[in-house]
Structures are given as C-alpha cells and as structure tokens.
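> Dropping the structure in here first, questions after.
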Amino acid sequence: TSFGWGSHALLPPRVTMPKEEVQKIYSDRKVAFAERLHKLLAENKNVLIINADNVGSQSMHVVRAELRKGPHATILMGKNTMIKHVIRKFANDSGNQSFNKLADLCKLNVGLVFTNDDMKDVRDSLEKNKVVAAAKAGAVAPKDVKVPAGPTGLEPTQTNFFQALGIATKIVKGTIEMITEVQLCTAGEKVGSSQAVLLTKLGIKPFEYGLKVVKVFTDGSVLDPAVLNVANSDIITLFQQSVARVAAVSLQIGYPSACAVPHMIVNAFKNLAAVAITTEISFKEAEKVKDMIANPDKYASAAPAAAAPAAAAA
C-alpha cells in the first residue's frame, strides 16, 4: 500500500518538524529592532502609548530632539505585529505577564514612548508640538469648525460652493458675505469635499495635529492619561483631608484610631487642667497653668521680649 504525505488524511496524528526547518529567518534590520525594543522594555518602567495620526516626519524630528534634552524619553514606532511579538516574548521570558496588556494596546497608528522620568513632563513635551493643517476631504475632524458671519473676500462667481452646503449669502460691494455663522465640520465626523474646498478658499486652517497620549502603562497597570494631571501636592492635600475626617469621626464616637489618639490625649489634658484649676488638686503639668492664671503680669512681660528677636529676624 502506498501512503502519500500530500494527503492530509494520511498524515500521522502528530508530526514534529526539525527546529531548524520551522524556525523563521528574520532580516538583520528586524533583529536589531527586536533587540532595541527588548532593551527598552527591560530598562524603562514607564511606557506612554501615543497616537500619531496626521503627524509628519518633521514634527517627529522636533519632538525627538526635545526629548533628548529632557525630560528624557525614547519614541519607538514600528509595525504593530512585530512590536506585539517582541512584547509578548519579553512577557514570557521575564515572567511578567502584565506586559501582555501593553501588547494589546498596539493597535492602529500608535507608538511607544519609554521613559524613567516624570511622565507628566514627557506628556507635555510630546503634546505641545502641534502643526496647523488645512482640512482634507475624508479626514476625521478633531474638533468643530465654525465660520463666522461676515465678508469672505470671494468673488460672486464662487457662490456655488456656498449653495452646495446650504449656506445663506449675499453680495456686498462685489464680494460674497455670509449672513449667519455656519458650522462646517463636526468633531469625530469626516470632512466632506465641499467643506474642505470652501475652507481652503477662505484661507482657514482649522486643525492642529500632533502626538497625543492615549494610554499610560506603568507598574503593570494601564491607566488613563488624565491621571498625569494629578500632582503630588493634590495627593497630599486629599490625604490630609481624609485623615482629618477619620479623626473627627473617631473623636465623635470615642474610638481611639491612630489619627485621633493625639487629639484625645490633648483633650484629656485639658479636662485634667480644668479640674486642677477649679480645685486644690494639682500635678506637675498643671502647675505652670495655675501659675499663669495667678501671676498674669509675669508672663505678659515675657511675651514682648520673646517677640522682639523674631521681629528683628523678619
């Protein structure tokens, strides 16, 4: 009987090919890219995921130049398939499976920014470099575009552009004038060809394009970039307010929590001092209080003397 290996049905249940035959061969350029990405993953604790839609090479050059000065960061752009493969391999090799979350974020036109510096400073450096651009037909508008009422400077022969968009106009002193304000583009929607042509004729470049941070990966967690707006002082203030609330509740119900015990001790001393003042009972800590009440003139003369050095220093 003849067994043809070209037939799938006649293949053995499990076929193991030699490793040298199934291993894919990559170009030197891809190997170098993978090694660089592996090194960046190992040496940096923070990764910012950026959207690079409509960002030109010149803008990227300017941003990279600023990041070399500080805050220091490295921008890596490449094919998502290759980046995902390297990140997932790094996750397996390092045993840190949280990096798979980073691989899942590599979709569409995104890049990775690696840094050990303050992420807020890096984000500001990335997003401050924007380029003014004209509206292009088919592009998604990043914001609403409104054209105010008034003269346009266009000749009456070009009223067909306004008519196609349903814009009311009139002729004043040989030029077209818009009667009311008109919204030509809506954020999140594609720009039509008529809107793009009209904005170009009016000399309006309504959009600004630049790098935008869409996600933040740090300590194995994926965060919204809004967290970068929270300063250390904000966290300290919030913590202090929370401690004050816990202390107030503890004092009210008489529960000796860590933040309420100092207040309880002070209040207890005040009560003991009040008892000592109104009775003949005394103790070491209350003697000075009782002496201040009995001899106010002695302490009144000491107060200005203590205040004089402080005033001189100021």
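Residues in the structure tokens are numbered from 1 in each chain, the chains being A, B, ... in the order shown, and ligands are numbered from 1 in the order shown.
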Per DSSP on the backbone, what are the strand (DSSP E or B) residues of range 127-212 of chain A, as a ChimeraX atom specification?
/A:130-133,140,145-147,150-151,169-172,175-178,182-185,190,207-210,212
> Would you save the residues from that selection as a compact mmCIF listing (two decimals), in the first residue's frame, using C-alpha atoms?

# COMPACT_ATOMS: atom_id res chain seq x y z
CA LYS A 130 1.46 70.80 17.08
CA VAL A 131 1.28 71.69 13.40
CA VAL A 132 -1.52 73.78 11.90
CA ALA A 133 -3.09 72.00 8.94
CA VAL A 140 -11.87 62.88 10.62
CA VAL A 145 -15.15 74.14 12.85
CA LYS A 146 -17.37 77.22 12.66
CA VAL A 147 -17.12 80.04 10.15
CA GLY A 150 -19.30 88.39 7.53
CA PRO A 151 -17.36 89.07 4.33
CA THR A 169 -25.07 84.52 1.45
CA LYS A 170 -25.43 87.94 -0.11
CA ILE A 171 -23.33 90.10 -2.38
CA VAL A 172 -21.90 93.20 -0.74
CA THR A 175 -17.78 90.08 -2.66
CA ILE A 176 -19.71 87.24 -1.05
CA GLU A 177 -20.80 87.81 2.53
CA MET A 178 -22.13 85.09 4.84
CA VAL A 182 -22.13 78.20 9.96
CA GLN A 183 -20.63 75.02 11.41
CA LEU A 184 -18.81 73.30 8.56
CA CYS A 185 -17.20 70.40 10.43
CA LYS A 190 -15.36 63.01 8.26
CA PHE A 207 -6.94 71.79 12.63
CA GLU A 208 -3.86 71.20 14.74
CA TYR A 209 -2.18 67.83 14.57
CA GLY A 210 0.36 66.40 16.95
CA LYS A 212 -1.44 62.56 21.67
> Could you name the residues that touch Thr157 in chain A at 12 Å or less, counting only C-alpha atoms, but leaving out those on the same chain fewer than 2 positions away, as number ranges by chain?
A: 153-155, 159-163, 171, 174-176
> Any idea what's packed within 8 Å of range 49-56 of chain A, counting only C-alpha atoms, ignoring anything in its chain fewer than 3 positions away? Could you give it as a ChimeraX atom specification?
/A:59-60,105,109-113,209-217
> Create the file for the chosen residues now, containing N, CA and C atoms and written as a short mmCIF file (atom, residue, chain, number, x, y, z; two decimals), in the first residue's frame.

data_model
loop_
_atom_site.label_atom_id
_atom_site.label_comp_id
_atom_site.auth_asym_id
_atom_site.auth_seq_id
_atom_site.Cartn_x
_atom_site.Cartn_y
_atom_site.Cartn_z
N SER A 59 7.71 66.86 12.33
CA SER A 59 7.21 67.02 13.69
C SER A 59 7.83 65.98 14.62
N MET A 60 7.96 64.76 14.14
CA MET A 60 8.58 63.70 14.95
C MET A 60 10.04 64.04 15.24
N LEU A 105 -2.48 46.98 23.52
CA LEU A 105 -2.73 48.39 23.19
C LEU A 105 -2.13 48.79 21.84
N ASN A 109 -2.60 53.37 14.42
CA ASN A 109 -1.37 54.14 14.22
C ASN A 109 -0.85 54.68 15.56
N VAL A 110 -0.21 53.80 16.32
CA VAL A 110 0.28 54.20 17.64
C VAL A 110 1.79 53.98 17.72
N GLY A 111 2.38 54.60 18.72
CA GLY A 111 3.79 54.43 19.00
C GLY A 111 3.99 54.29 20.50
N LEU A 112 5.18 53.90 20.90
CA LEU A 112 5.50 53.71 22.31
C LEU A 112 6.59 54.69 22.72
N VAL A 113 6.41 55.29 23.88
CA VAL A 113 7.39 56.23 24.43
C VAL A 113 7.88 55.67 25.76
N TYR A 209 -2.52 69.24 14.41
CA TYR A 209 -2.18 67.83 14.57
C TYR A 209 -0.87 67.69 15.34
N GLY A 210 -0.84 66.68 16.17
CA GLY A 210 0.36 66.40 16.95
C GLY A 210 0.22 65.07 17.66
N LEU A 211 1.25 64.67 18.35
CA LEU A 211 1.20 63.43 19.10
C LEU A 211 0.26 63.57 20.29
N LYS A 212 -0.49 62.53 20.56
CA LYS A 212 -1.44 62.56 21.67
C LYS A 212 -1.30 61.29 22.49
N VAL A 213 -1.12 61.45 23.78
CA VAL A 213 -1.01 60.29 24.68
C VAL A 213 -2.41 59.72 24.91
N VAL A 214 -2.59 58.44 24.58
CA VAL A 214 -3.92 57.82 24.72
C VAL A 214 -3.99 56.88 25.92
N LYS A 215 -2.85 56.28 26.30
CA LYS A 215 -2.83 55.39 27.46
C LYS A 215 -1.46 55.47 28.13
N VAL A 216 -1.43 55.05 29.38
CA VAL A 216 -0.18 55.03 30.15
C VAL A 216 -0.02 53.64 30.76
N PHE A 217 1.15 53.06 30.57
CA PHE A 217 1.45 51.74 31.15
C PHE A 217 2.56 51.91 32.18
#
> Find, counting only C-alpha atoms, the residue in A:Met292, A:Val243, A:Val31, A:Leu48 that gets nearest to Asp224 in chain A.
A:Leu48
> Taking 5 positions as the minimum chain separation for residues in the same chain, which residues sit within 7 Å of range 83-92 of chain A when counting only C-alpha atoms? Answer as a short mmCIF file (atom, residue, chain, number, x, y, z; two decimals) with C-alpha atoms, in the first residue's frame.

data_model
loop_
_atom_site.label_atom_id
_atom_site.label_comp_id
_atom_site.auth_asym_id
_atom_site.auth_seq_id
_atom_site.Cartn_x
_atom_site.Cartn_y
_atom_site.Cartn_z
CA ALA A 34 13.59 43.50 18.30
CA HIS A 38 13.64 44.29 24.29
CA GLY A 78 7.10 50.25 14.01
CA GLN A 97 2.58 38.64 32.17
CA PHE A 99 3.27 43.23 29.65
CA ASN A 100 0.63 41.43 27.59
CA ALA A 103 0.85 44.39 23.66
CA CYS A 106 -0.68 48.25 19.99
#
> Set the distance at 10 Å and use only C-alpha atoms: which residues neighbour Lys136 in chain A once local chain neighbours fewer than 5 positions away are removed? I'd like the list as an NGL selection string.
:A and (141 or 190-193 or 195-197 or 199-200 or 205 or 207)
> List every residue of range 53-294 of chain A that DSSP, applied to the backbone of this structure, assigns to alpha helix (DSSP H), and report them as number ranges by chain.
A: 57-69, 80-94, 99-104, 119-127, 159-164, 193-201, 232-253, 261-278, 284-294
> Please produce a file of those selected residues containing C-alpha atoms, as an mmCIF file, in the first residue's frame.

data_model
loop_
_atom_site.group_PDB
_atom_site.id
_atom_site.type_symbol
_atom_site.label_atom_id
_atom_site.label_comp_id
_atom_site.auth_asym_id
_atom_site.auth_seq_id
_atom_site.Cartn_x
_atom_site.Cartn_y
_atom_site.Cartn_z
ATOM 1 C CA SER A 57 8.321 63.233 9.940
ATOM 2 C CA GLN A 58 9.445 66.808 10.630
ATOM 3 C CA SER A 59 7.213 67.021 13.695
ATOM 4 C CA MET A 60 8.580 63.703 14.946
ATOM 5 C CA HIS A 61 12.121 65.003 14.470
ATOM 6 C CA VAL A 62 11.358 68.100 16.578
ATOM 7 C CA VAL A 63 9.794 66.044 19.369
ATOM 8 C CA ARG A 64 12.696 63.572 19.461
ATOM 9 C CA ALA A 65 15.187 66.450 19.633
ATOM 10 C CA GLU A 66 13.383 67.943 22.648
ATOM 11 C CA LEU A 67 13.207 64.603 24.444
ATOM 12 C CA ARG A 68 16.965 64.220 24.109
ATOM 13 C CA LYS A 69 17.380 67.449 26.096
ATOM 14 C CA ASN A 80 2.258 46.553 15.370
ATOM 15 C CA THR A 81 2.648 42.868 14.553
ATOM 16 C CA MET A 82 6.397 42.963 15.214
ATOM 17 C CA ILE A 83 6.010 45.056 18.367
ATOM 18 C CA LYS A 84 3.342 42.736 19.784
ATOM 19 C CA HIS A 85 5.501 39.680 19.083
ATOM 20 C CA VAL A 86 8.520 41.140 20.910
ATOM 21 C CA ILE A 87 6.462 42.371 23.882
ATOM 22 C CA ARG A 88 4.731 39.020 24.347
ATOM 23 C CA LYS A 89 8.079 37.214 24.123
ATOM 24 C CA PHE A 90 9.501 39.610 26.728
ATOM 25 C CA ALA A 91 6.500 38.895 28.970
ATOM 26 C CA ASN A 92 7.156 35.160 28.750
ATOM 27 C CA ASP A 93 10.917 35.445 29.209
ATOM 28 C CA SER A 94 10.656 37.814 32.178
ATOM 29 C CA PHE A 99 3.272 43.235 29.651
ATOM 30 C CA ASN A 100 0.629 41.429 27.593
ATOM 31 C CA LYS A 101 -1.660 44.361 28.457
ATOM 32 C CA LEU A 102 0.834 46.635 26.728
ATOM 33 C CA ALA A 103 0.847 44.391 23.664
ATOM 34 C CA ASP A 104 -2.948 44.586 23.491
ATOM 35 C CA MET A 119 5.515 61.049 32.844
ATOM 36 C CA LYS A 120 3.649 64.355 33.073
ATOM 37 C CA ASP A 121 6.690 66.282 31.825
ATOM 38 C CA VAL A 122 7.152 63.782 28.995
ATOM 39 C CA ARG A 123 3.467 64.046 28.072
ATOM 40 C CA ASP A 124 3.683 67.848 27.964
ATOM 41 C CA SER A 125 6.745 67.713 25.708
ATOM 42 C CA LEU A 126 5.006 65.296 23.351
ATOM 43 C CA GLU A 127 1.751 67.206 23.043
ATOM 44 C CA THR A 159 -21.373 81.204 -4.768
ATOM 45 C CA ASN A 160 -21.845 77.577 -5.904
ATOM 46 C CA PHE A 161 -19.649 76.346 -3.041
ATOM 47 C CA PHE A 162 -21.907 78.038 -0.524
ATOM 48 C CA GLN A 163 -25.060 76.805 -2.242
ATOM 49 C CA ALA A 164 -23.806 73.215 -2.166
ATOM 50 C CA SER A 193 -15.071 67.535 -0.123
ATOM 51 C CA SER A 194 -17.203 70.708 -0.333
ATOM 52 C CA GLN A 195 -16.292 71.728 3.225
ATOM 53 C CA ALA A 196 -12.601 71.139 2.538
ATOM 54 C CA VAL A 197 -12.642 73.191 -0.683
ATOM 55 C CA LEU A 198 -14.533 76.062 0.953
ATOM 56 C CA LEU A 199 -12.195 76.224 3.951
ATOM 57 C CA THR A 200 -9.213 76.254 1.593
ATOM 58 C CA LYS A 201 -10.707 79.104 -0.447
ATOM 59 C CA ASN A 232 1.863 65.162 44.376
ATOM 60 C CA SER A 233 0.507 68.194 46.229
ATOM 61 C CA ASP A 234 -3.051 67.160 45.257
ATOM 62 C CA ILE A 235 -2.499 63.679 46.688
ATOM 63 C CA ILE A 236 -1.058 65.112 49.922
ATOM 64 C CA THR A 237 -3.983 67.530 50.304
ATOM 65 C CA LEU A 238 -6.516 64.749 49.728
ATOM 66 C CA PHE A 239 -4.738 62.517 52.242
ATOM 67 C CA GLN A 240 -4.735 65.260 54.872
ATOM 68 C CA GLN A 241 -8.439 65.890 54.353
ATOM 69 C CA SER A 242 -9.174 62.171 54.688
ATOM 70 C CA VAL A 243 -7.133 61.922 57.910
ATOM 71 C CA ALA A 244 -8.998 64.927 59.344
ATOM 72 C CA ARG A 245 -12.361 63.290 58.575
ATOM 73 C CA VAL A 246 -11.333 59.990 60.157
ATOM 74 C CA ALA A 247 -10.092 61.838 63.246
ATOM 75 C CA ALA A 248 -13.350 63.796 63.529
ATOM 76 C CA VAL A 249 -15.471 60.638 63.295
ATOM 77 C CA SER A 250 -13.258 58.817 65.810
ATOM 78 C CA LEU A 251 -13.487 61.672 68.299
ATOM 79 C CA GLN A 252 -17.259 61.825 67.914
ATOM 80 C CA ILE A 253 -17.808 58.107 68.586
ATOM 81 C CA VAL A 261 -5.334 59.445 69.719
ATOM 82 C CA PRO A 262 -3.186 62.651 69.773
ATOM 83 C CA HIS A 263 -6.372 64.760 69.910
ATOM 84 C CA MET A 264 -7.786 62.523 72.646
ATOM 85 C CA ILE A 265 -4.637 62.970 74.743
ATOM 86 C CA VAL A 266 -4.779 66.772 74.345
ATOM 87 C CA ASN A 267 -8.479 66.848 75.236
ATOM 88 C CA ALA A 268 -7.830 64.664 78.287
ATOM 89 C CA PHE A 269 -5.067 67.010 79.469
ATOM 90 C CA LYS A 270 -7.405 69.989 79.023
ATOM 91 C CA ASN A 271 -10.001 68.295 81.199
ATOM 92 C CA LEU A 272 -7.424 67.470 83.870
ATOM 93 C CA ALA A 273 -6.067 71.024 83.790
ATOM 94 C CA ALA A 274 -9.596 72.415 84.173
ATOM 95 C CA VAL A 275 -10.149 70.221 87.245
ATOM 96 C CA ALA A 276 -6.795 71.328 88.722
ATOM 97 C CA ILE A 277 -7.597 75.000 88.180
ATOM 98 C CA THR A 278 -11.018 74.851 89.831
ATOM 99 C CA LYS A 284 3.344 68.808 87.722
ATOM 100 C CA GLU A 285 1.984 69.636 84.233
ATOM 101 C CA ALA A 286 -0.834 71.790 85.664
ATOM 102 C CA GLU A 287 1.340 73.883 87.998
ATOM 103 C CA LYS A 288 2.528 76.183 85.191
ATOM 104 C CA VAL A 289 -1.037 76.740 84.004
ATOM 105 C CA LYS A 290 -2.162 77.610 87.512
ATOM 106 C CA ASP A 291 0.833 79.946 87.949
ATOM 107 C CA MET A 292 -0.052 81.764 84.691
ATOM 108 C CA ILE A 293 -3.536 82.389 85.998
ATOM 109 C CA ALA A 294 -2.285 83.507 89.425
#
> Interatomic distance between CA of Gly70 in chain A and CA of Ala32 in chain A?
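One can read the CA of Gly70 in chain A to CA of Ala32 in chain A distance as 25.6 Å.
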> For Asn46 in chain A, list every protein, DNA or RNA residue within 7 Å, evaluated using only C-alpha atoms, and leave out those in the same chain fewer than 6 positions away; present the list as a list in words.
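The contact residues come out as Phe114, Thr115, Asn116, Phe217 and Thr218 of chain A.
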> In Å, rounded to a single decimal, give me how far CA of Pro206 in chain A is from CA of Pro156 in chain A.
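Computing the Euclidean distance for CA of Pro156 in chain A and CA of Pro206 in chain A yields 24.0 Å.
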> What's the separation between CA of Ala187 in chain A and CA of Thr152 in chain A, in Å to one decimal place?
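These atoms are spaced 23.4 Å apart.
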